[in-house]
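Colleague: Sharing coords39.pdb (PDB, N, CA and C atoms) below.
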ATOM      1  N   MET A 187    -138.434 -63.109 -80.293
ATOM      2  CA  MET A 187    -137.821 -62.612 -79.081
ATOM      3  C   MET A 187    -137.067 -63.748 -78.407
ATOM      4  N   THR A 188    -136.082 -63.378 -77.652
ATOM      5  CA  THR A 188    -135.293 -64.386 -76.961
ATOM      6  C   THR A 188    -135.636 -64.399 -75.490
ATOM      7  N   ASN A 189    -135.356 -65.516 -74.884
ATOM      8  CA  ASN A 189    -135.570 -65.653 -73.448
ATOM      9  C   ASN A 189    -134.411 -64.973 -72.745
ATOM     10  N   VAL A 190    -134.675 -63.842 -72.100
ATOM     11  CA  VAL A 190    -133.619 -63.066 -71.467
ATOM     12  C   VAL A 190    -133.280 -63.563 -70.074
ATOM     13  N   LEU A 191    -134.041 -64.521 -69.554
ATOM     14  CA  LEU A 191    -133.834 -64.941 -68.181
ATOM     15  C   LEU A 191    -132.862 -66.104 -68.056
ATOM     16  N   SER A 192    -132.821 -66.986 -69.017
ATOM     17  CA  SER A 192    -131.916 -68.120 -68.938
ATOM     18  C   SER A 192    -131.798 -68.752 -70.317
ATOM     19  N   ASP A 193    -130.858 -69.689 -70.421
ATOM     20  CA  ASP A 193    -130.684 -70.414 -71.673
ATOM     21  C   ASP A 193    -131.501 -71.707 -71.693
ATOM     22  N   ALA A 194    -132.165 -72.015 -70.589
ATOM     23  CA  ALA A 194    -132.970 -73.228 -70.498
ATOM     24  C   ALA A 194    -134.211 -73.091 -71.379
ATOM     25  N   PRO A 195    -134.690 -74.209 -71.935
ATOM     26  CA  PRO A 195    -135.909 -74.139 -72.732
ATOM     27  C   PRO A 195    -137.080 -73.645 -71.884
ATOM     28  N   ALA A 196    -137.894 -72.821 -72.484
ATOM     29  CA  ALA A 196    -139.026 -72.234 -71.760
ATOM     30  C   ALA A 196    -140.327 -72.865 -72.234
ATOM     31  N   SER A 197    -141.260 -72.995 -71.303
ATOM     32  CA  SER A 197    -142.584 -73.474 -71.687
ATOM     33  C   SER A 197    -143.248 -72.387 -72.530
ATOM     34  N   SER A 198    -144.295 -72.750 -73.228
ATOM     35  CA  SER A 198    -144.961 -71.759 -74.079
ATOM     36  C   SER A 198    -145.556 -70.631 -73.251
ATOM     37  N   LEU A 199    -146.095 -70.941 -72.071
ATOM     38  CA  LEU A 199    -146.648 -69.905 -71.202
ATOM     39  C   LEU A 199    -145.550 -68.968 -70.713
ATOM     40  N   ARG A 200    -144.456 -69.548 -70.257
ATOM     41  CA  ARG A 200    -143.332 -68.724 -69.770
ATOM     42  C   ARG A 200    -142.808 -67.823 -70.882
ATOM     43  N   GLN A 201    -142.647 -68.376 -72.071
ATOM     44  CA  GLN A 201    -142.142 -67.588 -73.202
ATOM     45  C   GLN A 201    -143.117 -66.461 -73.543
ATOM     46  N   ARG A 202    -144.405 -66.738 -73.501
ATOM     47  CA  ARG A 202    -145.412 -65.713 -73.794
ATOM     48  C   ARG A 202    -145.374 -64.587 -72.763
ATOM     49  N   ILE A 203    -145.210 -64.948 -71.488
ATOM     50  CA  ILE A 203    -145.120 -63.939 -70.432
ATOM     51  C   ILE A 203    -143.896 -63.055 -70.658
ATOM     52  N   ILE A 204    -142.772 -63.654 -70.973
ATOM     53  CA  ILE A 204    -141.542 -62.899 -71.198
ATOM     54  C   ILE A 204    -141.684 -61.985 -72.406
ATOM     55  N   GLU A 205    -142.294 -62.473 -73.479
ATOM     56  CA  GLU A 205    -142.506 -61.637 -74.666
ATOM     57  C   GLU A 205    -143.409 -60.454 -74.344
ATOM     58  N   ASP A 206    -144.457 -60.691 -73.559
ATOM     59  CA  ASP A 206    -145.345 -59.592 -73.155
ATOM     60  C   ASP A 206    -144.594 -58.555 -72.328
ATOM     61  N   MET A 207    -143.758 -59.016 -71.416
ATOM     62  CA  MET A 207    -142.991 -58.072 -70.594
ATOM     63  C   MET A 207    -141.978 -57.311 -71.433
ATOM     64  N   ASN A 208    -141.404 -57.961 -72.442
ATOM     65  CA  ASN A 208    -140.481 -57.261 -73.355
ATOM     66  C   ASN A 208    -141.210 -56.166 -74.124
ATOM     67  N   MET A 209    -142.423 -56.465 -74.595
ATOM     68  CA  MET A 209    -143.205 -55.457 -75.319
ATOM     69  C   MET A 209    -143.519 -54.260 -74.429
ATOM     70  N   ARG A 210    -143.706 -54.516 -73.147
ATOM     71  CA  ARG A 210    -144.019 -53.437 -72.200
ATOM     72  C   ARG A 210    -142.763 -52.786 -71.640
ATOM     73  N   ARG A 211    -141.607 -53.231 -72.139
ATOM     74  CA  ARG A 211    -140.303 -52.675 -71.774
ATOM     75  C   ARG A 211    -139.981 -52.813 -70.286
ATOM     76  N   PHE A 212    -140.361 -53.963 -69.699
ATOM     77  CA  PHE A 212    -139.969 -54.244 -68.325
ATOM     78  C   PHE A 212    -138.469 -54.504 -68.302
ATOM     79  N   THR A 213    -137.808 -54.104 -67.238
ATOM     80  CA  THR A 213    -136.374 -54.365 -67.132
ATOM     81  C   THR A 213    -136.136 -55.853 -66.920
ATOM     82  N   ARG A 214    -134.899 -56.268 -67.140
ATOM     83  CA  ARG A 214    -134.537 -57.671 -66.968
ATOM     84  C   ARG A 214    -134.775 -58.107 -65.519
ATOM     85  N   LYS A 215    -134.449 -57.257 -64.566
ATOM     86  CA  LYS A 215    -134.663 -57.579 -63.143
ATOM     87  C   LYS A 215    -136.140 -57.773 -62.844
ATOM     88  N   THR A 216    -136.993 -56.906 -63.366
ATOM     89  CA  THR A 216    -138.430 -57.024 -63.148
ATOM     90  C   THR A 216    -138.939 -58.333 -63.736
ATOM     91  N   GLN A 217    -138.483 -58.675 -64.937
ATOM     92  CA  GLN A 217    -138.899 -59.922 -65.573
ATOM     93  C   GLN A 217    -138.464 -61.118 -64.740
ATOM     94  N   PHE A 218    -137.231 -61.097 -64.283
ATOM     95  CA  PHE A 218    -136.715 -62.193 -63.464
ATOM     96  C   PHE A 218    -137.543 -62.343 -62.200
ATOM     97  N   ASP A 219    -137.793 -61.226 -61.524
ATOM     98  CA  ASP A 219    -138.572 -61.263 -60.284
ATOM     99  C   ASP A 219    -139.996 -61.770 -60.527
ATOM    100  N   TYR A 220    -140.618 -61.288 -61.573
ATOM    101  CA  TYR A 220    -141.993 -61.689 -61.869
ATOM    102  C   TYR A 220    -142.084 -63.193 -62.110
ATOM    103  N   VAL A 221    -141.209 -63.718 -62.954
ATOM    104  CA  VAL A 221    -141.223 -65.157 -63.267
ATOM    105  C   VAL A 221    -140.903 -65.969 -62.009
ATOM    106  N   ARG A 222    -139.985 -65.486 -61.179
ATOM    107  CA  ARG A 222    -139.629 -66.179 -59.943
ATOM    108  C   ARG A 222    -140.824 -66.235 -58.996
ATOM    109  N   HIS A 223    -141.538 -65.118 -58.860
ATOM    110  CA  HIS A 223    -142.700 -65.094 -57.968
ATOM    111  C   HIS A 223    -143.813 -66.014 -58.467
ATOM    112  N   VAL A 224    -144.033 -66.039 -59.759
ATOM    113  CA  VAL A 224    -145.053 -66.929 -60.314
ATOM    114  C   VAL A 224    -144.663 -68.391 -60.066
ATOM    115  N   ALA A 225    -143.389 -68.721 -60.246
ATOM    116  CA  ALA A 225    -142.929 -70.095 -60.015
ATOM    117  C   ALA A 225    -143.087 -70.489 -58.547
ATOM    118  N   ARG A 226    -142.747 -69.584 -57.644
ATOM    119  CA  ARG A 226    -142.882 -69.877 -56.218
ATOM    120  C   ARG A 226    -144.353 -70.032 -55.819
ATOM    121  N   PHE A 227    -145.205 -69.210 -56.392
ATOM    122  CA  PHE A 227    -146.636 -69.313 -56.093
ATOM    123  C   PHE A 227    -147.194 -70.637 -56.615
ATOM    124  N   ALA A 228    -146.757 -71.042 -57.808
ATOM    125  CA  ALA A 228    -147.200 -72.320 -58.365
ATOM    126  C   ALA A 228    -146.738 -73.480 -57.480
ATOM    127  N   THR A 229    -145.518 -73.380 -56.951
ATOM    128  CA  THR A 229    -145.019 -74.404 -56.042
ATOM    129  C   THR A 229    -145.872 -74.456 -54.779
ATOM    130  N   TYR A 230    -146.226 -73.297 -54.258
ATOM    131  CA  TYR A 230    -147.060 -73.216 -53.064
ATOM    132  C   TYR A 230    -148.428 -73.868 -53.317
ATOM    133  N   LEU A 231    -148.996 -73.609 -54.491
ATOM    134  CA  LEU A 231    -150.296 -74.191 -54.824
ATOM    135  C   LEU A 231    -150.209 -75.670 -55.156
ATOM    136  N   GLY A 232    -149.024 -76.127 -55.541
ATOM    137  CA  GLY A 232    -148.833 -77.533 -55.874
ATOM    138  C   GLY A 232    -149.269 -77.884 -57.284
ATOM    139  N   ARG A 233    -149.346 -76.865 -58.135
ATOM    140  CA  ARG A 233    -149.712 -77.119 -59.532
ATOM    141  C   ARG A 233    -149.133 -76.007 -60.405
ATOM    142  N   PRO A 234    -148.980 -76.262 -61.705
ATOM    143  CA  PRO A 234    -148.452 -75.221 -62.587
ATOM    144  C   PRO A 234    -149.474 -74.103 -62.804
ATOM    145  N   PRO A 235    -148.986 -72.937 -63.202
ATOM    146  CA  PRO A 235    -149.916 -71.814 -63.429
ATOM    147  C   PRO A 235    -150.863 -72.070 -64.583
TER     148      PRO A 235
END
Please lay out the structure from this file as structure tokens.

Modeller:
Amino acid sequence: MTNVLSDAPASSLRQRIIEDMNMRRFTRKTQFDYVRHVARFATYLGRPP
């Protein structure tokens, strides 16, 4: 599967999340929003997910 959110290299966790969302047929917007919210939450916590 390809990373539909960007051309930047993805971490293994990020890639796994995107692949899972692709299998569940989440739309591109939903995937983008989900990854964005997880990144913002990780920033708030001060550590990676």

Colleague: Output, as lines of an AutoDock Vina configuration file, the centre and edge lengths in Å (one decimal) of the axis-aligned box that contains all listed atoms of region 196-209 of chain A with 8 Å of margin on each side.

Modeller:
center_x = -142.3
center_y = -63.9
center_z = -72.5
size_x = 24.8
size_y = 35.2
size_z = 21.5

Colleague: Can you give me, as a ChimeraX atom specification, the residues this file yields under the PyMOL selection byres (((chain A and resi 216-227 and name CA) around 9) and name CA)?

Modeller: /A:190-191,200,203-204,207-208,212-215,228-232,234-235

Colleague: Could you tell me how far atom N of Arg210 (chain A) sits from atom N of Arg233 (chain A), in Å to one decimal place?

Modeller: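 Interatomic distance, atom N of Arg233 (chain A) to atom N of Arg210 (chain A): 27.5 Å.
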
Colleague: Work out how far atom N of Arg211 (chain A) is from atom N of Leu199 (chain A), in Å to one decimal.

Modeller: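 For atom N of Leu199 (chain A) relative to atom N of Arg211 (chain A), the distance reads 18.3 Å.
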